[in-house]
>>> print(open('run.cif').read())   # mmCIF, C-alpha atoms
data_work
#
loop_
_atom_site.label_atom_id
_atom_site.label_comp_id
_atom_site.auth_asym_id
_atom_site.auth_seq_id
_atom_site.Cartn_x
_atom_site.Cartn_y
_atom_site.Cartn_z
CA MET U 1 -33.63 316.51 1.88
CA ASN U 2 -37.08 318.03 1.44
CA LEU U 3 -38.47 315.21 3.58
CA ALA U 4 -35.82 315.92 6.22
CA ILE U 5 -36.84 319.59 6.21
CA GLU U 6 -40.49 318.62 6.70
CA ALA U 7 -39.47 316.37 9.59
CA ALA U 8 -37.50 319.19 11.19
CA LYS U 9 -40.59 321.43 11.16
CA LYS U 10 -42.21 319.15 13.73
CA GLY U 11 -39.81 320.56 16.32
CA LEU U 12 -40.01 324.24 15.37
CA TYR U 13 -41.96 325.29 18.47
CA THR U 14 -40.35 322.94 21.00
CA THR U 15 -36.58 322.74 20.43
CA ARG U 16 -35.50 326.12 21.81
CA PRO U 17 -32.75 327.00 22.41
CA ASN U 18 -31.60 324.18 20.14
CA PRO U 19 -32.10 324.35 16.36
CA ALA U 20 -34.84 322.38 14.61
CA VAL U 21 -33.23 319.51 12.71
CA GLY U 22 -34.55 316.64 10.60
CA CYS U 23 -32.92 313.46 9.29
CA VAL U 24 -33.94 310.87 6.69
CA LEU U 25 -32.14 307.55 6.10
CA VAL U 26 -32.16 306.03 2.62
CA LYS U 27 -30.91 302.60 1.55
CA ASP U 28 -31.22 300.97 -1.86
CA GLY U 29 -33.57 303.75 -2.95
CA LEU U 30 -35.94 303.25 -0.03
CA ILE U 31 -36.57 305.46 3.00
CA ILE U 32 -35.81 303.30 6.02
CA GLY U 33 -35.84 305.86 8.84
CA THR U 34 -36.93 309.38 9.72
CA GLY U 35 -36.32 311.51 12.80
CA PHE U 36 -36.39 315.03 14.17
CA HIS U 37 -35.10 316.79 17.26
CA PRO U 38 -38.13 317.37 19.51
CA LYS U 39 -36.72 319.18 22.54
CA ALA U 40 -33.47 320.33 24.16
CA GLY U 41 -32.02 317.54 26.27
CA GLN U 42 -33.60 314.81 24.14
CA PRO U 43 -31.75 312.89 21.39
CA HIS U 44 -31.08 314.68 18.12
CA ALA U 45 -32.69 313.97 14.76
CA GLU U 46 -29.99 311.53 13.60
CA VAL U 47 -30.41 309.34 16.68
CA PHE U 48 -34.18 309.17 16.30
CA ALA U 49 -33.80 308.29 12.61
CA LEU U 50 -31.41 305.46 13.51
CA ARG U 51 -33.77 304.20 16.21
CA ASN U 52 -36.72 304.30 13.80
CA ALA U 53 -34.91 302.43 11.03
CA THR U 54 -36.91 299.53 9.61
CA GLN U 55 -33.80 297.56 8.59
CA SER U 56 -30.02 297.57 8.98
CA VAL U 57 -28.61 301.06 8.40
CA ALA U 58 -25.16 299.84 7.37
CA ALA U 59 -24.18 301.39 4.00
CA ALA U 60 -27.21 303.72 4.10
CA THR U 61 -27.21 307.43 3.28
CA ALA U 62 -28.35 310.04 5.81
CA TYR U 63 -29.90 313.32 4.72
CA VAL U 64 -29.58 315.88 7.52
CA THR U 65 -30.75 319.52 7.57
CA LEU U 66 -27.81 320.69 9.71
CA GLU U 67 -24.27 319.42 10.22
CA PRO U 68 -24.22 316.57 12.79
CA CYS U 69 -22.85 317.73 16.13
CA SER U 70 -19.33 316.68 17.12
CA HIS U 71 -19.33 317.57 20.82
CA THR U 72 -20.86 316.12 23.94
CA GLY U 73 -23.48 318.38 25.46
CA LYS U 74 -26.70 317.06 26.98
CA THR U 75 -26.46 314.27 24.41
CA PRO U 76 -23.53 312.38 22.77
CA PRO U 77 -22.14 313.53 19.40
CA CYS U 78 -24.39 312.64 16.46
CA ALA U 79 -21.42 312.38 14.09
CA GLU U 80 -20.11 309.50 16.18
CA ALA U 81 -23.53 307.82 16.16
CA LEU U 82 -23.57 307.91 12.35
CA ILE U 83 -20.02 306.52 12.22
CA LYS U 84 -20.90 303.71 14.63
CA ALA U 85 -23.94 302.88 12.47
CA GLN U 86 -21.56 302.34 9.51
CA LEU U 87 -23.31 304.66 7.09
CA SER U 88 -21.68 305.08 3.68
CA ARG U 89 -22.70 308.69 2.98
CA VAL U 90 -24.08 311.76 4.74
CA VAL U 91 -25.74 314.60 2.82
CA ILE U 92 -25.94 317.87 4.77
CA ALA U 93 -27.97 320.96 3.91
CA GLY U 94 -25.59 323.36 5.67
CA LEU U 95 -22.74 323.58 8.15
CA ASP U 96 -23.43 324.41 11.79
CA PRO U 97 -21.91 327.82 12.67
CA ASN U 98 -21.88 326.91 16.36
CA PRO U 99 -18.19 327.21 17.37
CA LYS U 100 -18.52 323.84 19.11
CA VAL U 101 -19.26 322.22 15.74
CA ALA U 102 -18.28 324.49 12.80
CA GLY U 103 -17.04 321.80 10.42
CA ARG U 104 -15.82 319.35 13.04
CA GLY U 105 -18.77 317.06 12.43
CA VAL U 106 -17.91 316.83 8.74
CA ARG U 107 -14.25 316.15 9.54
CA LEU U 108 -15.16 313.31 11.90
CA LEU U 109 -17.28 311.68 9.19
CA LEU U 110 -14.62 312.08 6.52
CA ASP U 111 -11.90 310.74 8.79
CA ALA U 112 -14.07 307.67 9.36
CA GLY U 113 -14.27 307.05 5.61
CA ILE U 114 -17.84 308.26 5.17
CA LYS U 115 -18.59 310.28 2.03
CA VAL U 116 -19.99 313.75 2.79
CA SER U 117 -21.89 316.18 0.58
CA VAL U 118 -22.71 319.69 1.82
CA GLY U 119 -24.98 322.30 0.28
CA VAL U 120 -28.25 320.55 -0.66
CA CYS U 121 -31.41 322.68 -0.19
CA THR U 122 -29.32 325.01 1.98
CA GLU U 123 -31.56 328.07 1.69
CA GLN U 124 -34.72 326.12 2.50
CA ALA U 125 -33.08 324.45 5.50
CA GLU U 126 -31.73 327.74 6.85
CA GLN U 127 -35.27 329.14 7.00
CA LEU U 128 -35.90 326.66 9.82
CA ASN U 129 -33.33 328.27 12.11
CA LEU U 130 -32.86 331.91 11.15
CA GLY U 131 -32.32 332.95 14.76
CA PHE U 132 -29.95 330.16 15.74
CA LEU U 133 -27.81 330.66 12.64
CA LYS U 134 -27.66 334.44 13.00
CA SER U 135 -26.84 334.39 16.70
CA MET U 136 -24.08 331.84 16.21
CA ARG U 137 -22.56 333.94 13.42
CA THR U 138 -23.02 337.43 14.88
CA GLN U 139 -23.94 337.10 18.58
CA MET U 140 -27.16 338.96 17.75
CA PRO U 141 -30.67 337.44 17.54
CA TYR U 142 -33.05 337.39 14.60
CA VAL U 143 -35.56 340.15 15.30
CA ARG U 144 -39.16 340.09 14.10
CA LEU U 145 -41.34 343.17 14.59
CA LYS U 146 -45.08 342.53 14.53
CA ILE U 147 -47.60 345.31 13.90
CA ALA U 148 -51.39 345.17 13.57
CA SER U 149 -52.71 348.17 11.64
CA SER U 150 -55.59 349.67 9.71
CA LEU U 151 -55.44 350.38 5.98
CA ASP U 152 -54.25 353.90 6.76
CA GLY U 153 -51.39 352.66 8.95
CA ARG U 154 -52.95 353.26 12.38
CA THR U 155 -52.54 350.90 15.33
CA ALA U 156 -54.82 352.40 17.99
CA MET U 157 -57.24 355.19 18.59
CA ALA U 158 -55.94 358.45 20.06
CA SER U 159 -57.24 357.24 23.43
CA GLY U 160 -55.11 354.10 23.18
CA GLU U 161 -58.04 351.79 22.43
CA SER U 162 -56.82 349.00 20.15
CA LYS U 163 -58.86 345.84 20.88
CA TRP U 164 -59.35 344.67 18.29
CA ILE U 165 -58.23 346.10 14.95
CA THR U 166 -57.43 342.75 13.35
CA GLY U 167 -59.55 339.62 13.51
CA SER U 168 -59.27 336.43 15.56
CA ALA U 169 -57.46 334.53 12.79
CA ALA U 170 -54.66 337.11 12.74
CA ARG U 171 -54.37 337.00 16.52
CA GLU U 172 -54.13 333.21 16.36
CA ASP U 173 -51.38 333.56 13.76
CA VAL U 174 -49.41 335.74 16.18
CA GLN U 175 -49.38 332.79 18.56
CA GLN U 176 -47.16 331.02 16.04
CA LEU U 177 -44.74 333.95 16.09
CA ARG U 178 -44.63 333.82 19.87
CA ALA U 179 -44.05 330.07 19.83
CA LEU U 180 -41.03 330.62 17.58
CA SER U 181 -39.56 333.27 19.88
CA GLY U 182 -37.20 332.98 22.80
CA ALA U 183 -38.15 336.47 23.97
CA ILE U 184 -40.88 339.04 23.44
CA ILE U 185 -39.88 342.68 23.81
CA THR U 186 -42.42 345.37 24.63
CA GLY U 187 -42.58 348.77 26.28
CA SER U 188 -43.83 349.86 29.68
CA GLN U 189 -46.64 351.86 28.07
CA THR U 190 -48.06 348.71 26.48
CA ILE U 191 -47.96 346.93 29.83
CA ILE U 192 -49.66 349.84 31.60
CA GLU U 193 -52.39 350.27 28.98
CA ASP U 194 -53.16 346.63 28.12
CA ASN U 195 -51.68 344.52 30.96
CA PRO U 196 -51.00 341.62 28.54
CA SER U 197 -49.60 338.21 29.44
CA LEU U 198 -47.50 337.98 26.25
CA ASN U 199 -47.41 334.19 26.44
CA VAL U 200 -48.12 331.24 24.17
CA ARG U 201 -51.56 329.87 24.96
CA SER U 202 -52.89 328.52 21.65
CA THR U 203 -54.06 324.92 21.46
CA GLN U 204 -53.97 325.00 17.65
CA LEU U 205 -50.20 324.77 17.10
CA GLY U 206 -50.14 321.03 16.52
CA VAL U 207 -48.10 320.25 19.63
CA ASP U 208 -48.82 319.94 23.35
CA ILE U 209 -48.61 323.49 24.70
CA GLU U 210 -46.79 322.16 27.76
CA GLN U 211 -43.91 321.19 25.45
CA ILE U 212 -43.49 324.75 24.13
CA PRO U 213 -40.95 326.83 26.11
CA GLN U 214 -42.65 330.10 27.08
CA PRO U 215 -40.85 333.15 25.67
CA LYS U 216 -39.05 335.44 28.09
CA VAL U 217 -40.84 338.77 28.43
CA VAL U 218 -38.56 341.81 28.23
CA VAL U 219 -40.01 345.22 29.08
CA LEU U 220 -38.26 348.46 28.21
CA ASP U 221 -38.86 350.45 31.37
CA ARG U 222 -36.35 353.30 31.34
CA ARG U 223 -38.28 355.35 33.88
CA GLN U 224 -39.08 352.35 36.11
CA ARG U 225 -42.80 352.93 35.70
CA LEU U 226 -43.69 349.32 36.46
CA LYS U 227 -41.94 349.14 39.81
CA GLY U 228 -44.37 347.89 42.41
CA GLY U 229 -47.18 347.51 39.89
CA ASP U 230 -49.56 344.54 39.77
CA TYR U 231 -49.01 343.50 36.16
CA LYS U 232 -49.33 340.01 34.68
CA VAL U 233 -45.81 339.95 33.25
CA LEU U 234 -44.33 340.77 36.66
CA GLN U 235 -45.88 337.62 38.12
CA ASN U 236 -43.28 335.70 36.12
CA GLU U 237 -39.88 335.83 37.80
CA GLN U 238 -38.22 335.34 34.40
CA THR U 239 -39.48 338.71 33.13
CA LEU U 240 -36.64 341.15 32.47
CA LEU U 241 -37.08 344.89 33.03
CA TRP U 242 -34.55 346.77 30.91
CA ALA U 243 -33.74 350.38 31.83
CA ASP U 244 -30.82 350.97 29.44
CA ASN U 245 -31.36 352.95 26.22
CA ASP U 246 -28.92 350.76 24.26
CA LEU U 247 -31.12 348.36 22.29
CA LYS U 248 -28.17 346.68 20.59
CA THR U 249 -26.68 345.81 23.97
CA LEU U 250 -30.04 344.37 25.04
CA LEU U 251 -30.21 342.09 22.01
CA HIS U 252 -26.60 340.97 22.47
CA THR U 253 -27.29 340.29 26.15
CA LEU U 254 -30.28 338.10 25.28
CA VAL U 255 -28.00 335.94 23.13
CA VAL U 256 -24.93 335.61 25.34
CA GLU U 257 -26.58 335.55 28.77
CA HIS U 258 -29.98 333.97 28.08
CA ASP U 259 -29.31 331.74 25.04
CA ILE U 260 -32.09 333.46 23.08
CA HIS U 261 -31.88 333.39 19.28
CA ASP U 262 -35.26 334.69 18.10
CA VAL U 263 -36.89 337.88 19.36
CA LEU U 264 -40.41 339.15 18.70
CA ILE U 265 -41.25 342.81 19.27
CA GLU U 266 -44.86 343.48 20.25
CA ALA U 267 -44.96 347.09 21.30
CA GLY U 268 -46.31 350.57 20.66
CA SER U 269 -45.18 352.99 18.00
CA LYS U 270 -42.28 354.47 19.99
CA VAL U 271 -40.56 351.18 20.84
CA SER U 272 -41.25 349.76 17.38
CA GLY U 273 -39.91 352.92 15.76
CA SER U 274 -36.78 352.90 17.89
CA PHE U 275 -35.84 349.38 16.75
CA ILE U 276 -36.36 350.24 13.09
CA GLU U 277 -34.51 353.54 13.49
CA ALA U 278 -31.56 351.62 14.97
CA GLY U 279 -31.57 349.18 12.05
CA LEU U 280 -32.15 346.20 14.32
CA VAL U 281 -35.22 344.64 12.67
CA ASP U 282 -34.64 341.63 10.42
CA GLU U 283 -38.28 341.01 9.56
CA LEU U 284 -41.30 343.31 9.68
CA ILE U 285 -44.66 341.53 9.89
CA VAL U 286 -47.75 343.66 9.33
CA TYR U 287 -51.29 342.39 9.83
CA GLN U 288 -53.45 344.89 7.95
CA ALA U 289 -57.16 345.04 8.70
CA PRO U 290 -59.72 346.25 6.13
CA CYS U 291 -60.61 349.38 8.08
CA VAL U 292 -59.71 353.07 8.26
CA LEU U 293 -59.14 354.84 11.60
CA GLY U 294 -58.30 358.40 10.52
CA HIS U 295 -55.41 360.78 11.03
CA GLU U 296 -55.95 361.31 14.77
CA ALA U 297 -55.41 357.63 15.53
CA GLN U 298 -51.96 356.47 16.64
CA PRO U 299 -49.38 355.72 13.90
CA MET U 300 -47.60 352.42 13.27
CA LEU U 301 -44.24 353.94 14.07
CA THR U 302 -42.94 356.98 15.91
CA MET U 303 -39.55 357.82 14.48
CA THR U 304 -37.79 360.62 12.65
CA VAL U 305 -36.78 360.49 8.99
CA ASP U 306 -35.39 363.87 7.92
CA LYS U 307 -35.22 363.24 4.20
CA LEU U 308 -36.31 360.67 1.63
CA SER U 309 -32.77 359.38 1.18
CA SER U 310 -32.76 358.39 4.88
CA GLN U 311 -35.78 356.13 4.57
CA ARG U 312 -35.68 352.60 5.97
CA ARG U 313 -36.41 350.17 3.17
CA PHE U 314 -37.80 346.64 3.40
CA LYS U 315 -38.46 344.02 0.74
CA LEU U 316 -41.81 342.25 0.53
CA ALA U 317 -41.07 338.55 1.00
CA HIS U 318 -44.56 337.12 1.37
CA CYS U 319 -48.20 338.18 1.31
CA SER U 320 -51.18 336.11 2.43
CA GLN U 321 -54.74 336.48 3.64
CA ILE U 322 -55.38 335.55 7.27
CA GLY U 323 -59.11 335.54 7.91
CA THR U 324 -60.35 338.98 6.91
CA ASP U 325 -56.89 340.54 7.22
CA ILE U 326 -53.78 340.68 5.05
CA LYS U 327 -50.43 339.49 6.40
CA LEU U 328 -47.37 341.18 4.90
CA ASN U 329 -43.89 339.82 5.58
CA PHE U 330 -41.02 342.19 4.82
CA VAL U 331 -37.31 341.50 5.18
CA ALA U 332 -34.70 344.13 5.91
CA ASN U 333 -31.58 345.21 4.06
CA ALA U 334 -33.22 345.26 0.66
CA SER U 335 -31.46 347.21 -2.06
#
>>> encode(input="run.cif", output="structure tokens")
Amino acid sequence: MNLAIEAAKKGLYTTRPNPAVGCVLVKDGLIIGTGFHPKAGQPHAEVFALRNATQSVAAATAYVTLEPCSHTGKTPPCAEALIKAQLSRVVIAGLDPNPKVAGRGVRLLLDAGIKVSVGVCTEQAEQLNLGFLKSMRTQMPYVRLKIASSLDGRTAMASGESKWITGSAAREDVQQLRALSGAIITGSQTIIEDNPSLNVRSTQLGVDIEQIPQPKVVVLDRRQRLKGGDYKVLQNEQTLLWADNDLKTLLHTLVVEHDIHDVLIEAGSKVSGSFIEAGLVDELIVYQAPCVLGHEAQPMLTMTVDKLSSQRRFKLAHCSQIGTDIKLNFVANAS
């Protein structure tokens, strides 16, 4: 299953809106086929593993990181492909919460006389598709909030100058976050001050950049400040200008109307603070540079906490050095 998980990672940046899935075929103790799902509309991991098999797959065991699909979408059902191949056993990391699957794939396999085991390396496999799994279960996306700050928690000078607090390695790392995201949310002030493209442009992601779906840019523009402006994000007809104050409705809309499962917030302190204040951030990612900007510089977050008992708590999940900077990954809902 660990090999299947590694195979699935090859599609992390390219499969959106589909989940990243890997499959390994084993027969008589030997690996005879490996596959992963590379892109929506193309065959799924199980089909590629069957195609890549070096010998007959009859009586083989398939290790799959997500329950084989049981419905016909852009491709035929993978459960039926495994049945037709006459496998003897299928080991699945976790069930697919997609209502179109949701246990039906397992039932098809069992009804065909194939042994099924569920629950192997489940937690590791779920890390591949946090957004897909959450949106299928809750109709809300997985939200990552990225902040680049100084040691004293400042993100820009009082004038708004912010290029660059962190180094080039940290900025390259952010390209990975963008490549994982179906949408990037920012505020109108960020667009006005920096005029960013907010796209994926790195050539160091290990895949052809043309194969990576560009994230949808969403700009919170309650006062319609961008109307008629000549900004880079407005040159893309897919950019969404959102005037409503209801952030939860926005996130739900991205899931149900735009099939977006992972959201990255790259914004100023007010927008970032509003998402944390609303309890909508699943993961907080801080790139901390080894510098001090002083108390007059702009803070990481603009939000109100009246008393210590009302604080928003996060749990440190990972810490690493990226170039000269420190990357801190926090997850929400910690006790």
>>> atom_distance(input="run.cif", atom1="CA of Thr54 (chain U)", atom2="CA of Tyr13 (chain U)")
27.7 Å
>>> atom_distance(input="run.cif", atom1="CA of Gln175 (chain U)", atom2="CA of Gly94 (chain U)")
28.7 Å
>>> atom_distance(input="run.cif", atom1="CA of Thr190 (chain U)", atom2="CA of Ser162 (chain U)")
10.8 Å
>>> resolve_selection(input="run.cif", expression="the PyMOL selection byres ((chain U and resi 98-113) around 12)", output="number ranges by chain")
U: 18-19, 59, 62, 64, 66-73, 77-97, 114-118, 132-139
>>> residues_around(input="run.cif", residues="region 180-183 of chain U", least_positions_apart="6", cutoff="8 Å", atoms="all atoms listed in the file", output="PyMOL selection string")
chain U and resi 12-13+16-17+213-218+260-264
>>> write_last_selection(input="run.cif", atoms="C-alpha atoms", output="PDB file, in the frame of the given file")
ATOM      1  CA  LEU U  12     -40.010 324.240  15.370  1.00  0.00           C
ATOM      2  CA  TYR U  13     -41.960 325.290  18.470  1.00  0.00           C
ATOM      3  CA  ARG U  16     -35.500 326.120  21.810  1.00  0.00           C
ATOM      4  CA  PRO U  17     -32.750 327.000  22.410  1.00  0.00           C
ATOM      5  CA  PRO U 213     -40.950 326.830  26.110  1.00  0.00           C
ATOM      6  CA  GLN U 214     -42.650 330.100  27.080  1.00  0.00           C
ATOM      7  CA  PRO U 215     -40.850 333.150  25.670  1.00  0.00           C
ATOM      8  CA  LYS U 216     -39.050 335.440  28.090  1.00  0.00           C
ATOM      9  CA  VAL U 217     -40.840 338.770  28.430  1.00  0.00           C
ATOM     10  CA  VAL U 218     -38.560 341.810  28.230  1.00  0.00           C
ATOM     11  CA  ILE U 260     -32.090 333.460  23.080  1.00  0.00           C
ATOM     12  CA  HIS U 261     -31.880 333.390  19.280  1.00  0.00           C
ATOM     13  CA  ASP U 262     -35.260 334.690  18.100  1.00  0.00           C
ATOM     14  CA  VAL U 263     -36.890 337.880  19.360  1.00  0.00           C
ATOM     15  CA  LEU U 264     -40.410 339.150  18.700  1.00  0.00           C
TER      16      LEU U 264
END
>>> residues_around(input="run.cif", residues="Leu280 (chain U)", least_positions_apart="3", cutoff="12 Å", atoms="all atoms listed in the file", output="list of chain:residue names")
U:Met140, U:Pro141, U:Tyr142, U:Val143, U:Arg144, U:Leu145, U:Asp246, U:Leu247, U:Lys248, U:Thr249, U:Leu250, U:Leu251, U:His252, U:Val263, U:Leu264, U:Ile265, U:Val271, U:Ser272, U:Gly273, U:Ser274, U:Phe275, U:Ile276, U:Glu277, U:Glu283, U:Leu284, U:Arg312, U:Val331, U:Ala332, U:Asn333
>>> resolve_selection(input="run.cif", expression="the PyMOL selection byres ((chain U and resi 186) around 6)", output="list of chain:residue names")
U:Ile185, U:Gly187, U:Val219, U:Glu266, U:Ala267
>>> closest_residue(input="run.cif", among="U:Ile285, U:Val255, U:Val292, U:Leu177", to="Phe330 (chain U)", atoms="all atoms listed in the file")
U:Ile285
>>> residues_around(input="run.cif", residues="Thr302 (chain U)", least_positions_apart="2", cutoff="7 Å", atoms="all atoms listed in the file", output="short mmCIF file (atom, residue, chain, number, x, y, z; two decimals) with C-alpha atoms, in the frame of the given file")
data_model
loop_
_atom_site.label_atom_id
_atom_site.label_comp_id
_atom_site.auth_asym_id
_atom_site.auth_seq_id
_atom_site.Cartn_x
_atom_site.Cartn_y
_atom_site.Cartn_z
CA SER U 269 -45.18 352.99 18.00
CA LYS U 270 -42.28 354.47 19.99
CA GLY U 273 -39.91 352.92 15.76
CA PRO U 299 -49.38 355.72 13.90
#
>>> resolve_selection(input="run.cif", expression="the PyMOL selection byres ((chain U and resi 202) around 10)", output="compact mmCIF listing (two decimals) with C-alpha atoms, in the coordinates of the input")
# COMPACT_ATOMS: atom_id res chain seq x y z
CA GLU U 172 -54.13 333.21 16.36
CA ASP U 173 -51.38 333.56 13.76
CA VAL U 174 -49.41 335.74 16.18
CA GLN U 175 -49.38 332.79 18.56
CA GLN U 176 -47.16 331.02 16.04
CA ARG U 178 -44.63 333.82 19.87
CA ALA U 179 -44.05 330.07 19.83
CA ASN U 199 -47.41 334.19 26.44
CA VAL U 200 -48.12 331.24 24.17
CA ARG U 201 -51.56 329.87 24.96
CA THR U 203 -54.06 324.92 21.46
CA GLN U 204 -53.97 325.00 17.65
CA LEU U 205 -50.20 324.77 17.10
CA GLY U 206 -50.14 321.03 16.52
CA VAL U 207 -48.10 320.25 19.63
CA ASP U 208 -48.82 319.94 23.35
CA ILE U 209 -48.61 323.49 24.70
>>> axis_aligned_box(input="run.cif", around="region 105-113 of chain U", padding_each_side="5 Å", output="lines of an AutoDock Vina configuration file")
center_x = -15.3
center_y = 312.1
center_z = 9.0
size_x = 16.9
size_y = 20.0
size_z = 16.8
>>> closest_residue(input="run.cif", among="U:Val305, U:Val281, U:Leu254, U:Ala169", to="Lys327 (chain U)", atoms="only C-alpha atoms")
U:Ala169
>>> residues_around(input="run.cif", residues="Tyr63 (chain U)", least_positions_apart="4", cutoff="6 Å", atoms="only C-alpha atoms", output="list in words")
Met1, Cys23, Val24 and Val91 of chain U
>>> closest_residue(input="run.cif", among="U:Ser188, U:Gln298, U:Ser320, U:Gln288", to="Glu161 (chain U)", atoms="all atoms listed in the file")
U:Gln298
>>> residues_around(input="run.cif", residues="Gln189 (chain U)", least_positions_apart="6", cutoff="9 Å", atoms="only C-alpha atoms", output="PDB file with C-alpha atoms, keeping the file's coordinate frame")
ATOM      1  CA  ASP U 221     -38.860 350.450  31.370  1.00  0.00           C
ATOM      2  CA  ARG U 225     -42.800 352.930  35.700  1.00  0.00           C
ATOM      3  CA  ALA U 267     -44.960 347.090  21.300  1.00  0.00           C
ATOM      4  CA  GLY U 268     -46.310 350.570  20.660  1.00  0.00           C
TER       5      GLY U 268
END
>>> closest_residue(input="run.cif", among="U:Ile184, U:Ile192, U:Thr65, U:Ala20", to="Glu123 (chain U)", atoms="all atoms listed in the file")
U:Thr65
>>> closest_residue(input="run.cif", among="U:His318, U:His258, U:Arg51, U:Lys163", to="Gly33 (chain U)", atoms="all atoms listed in the file")
U:Arg51
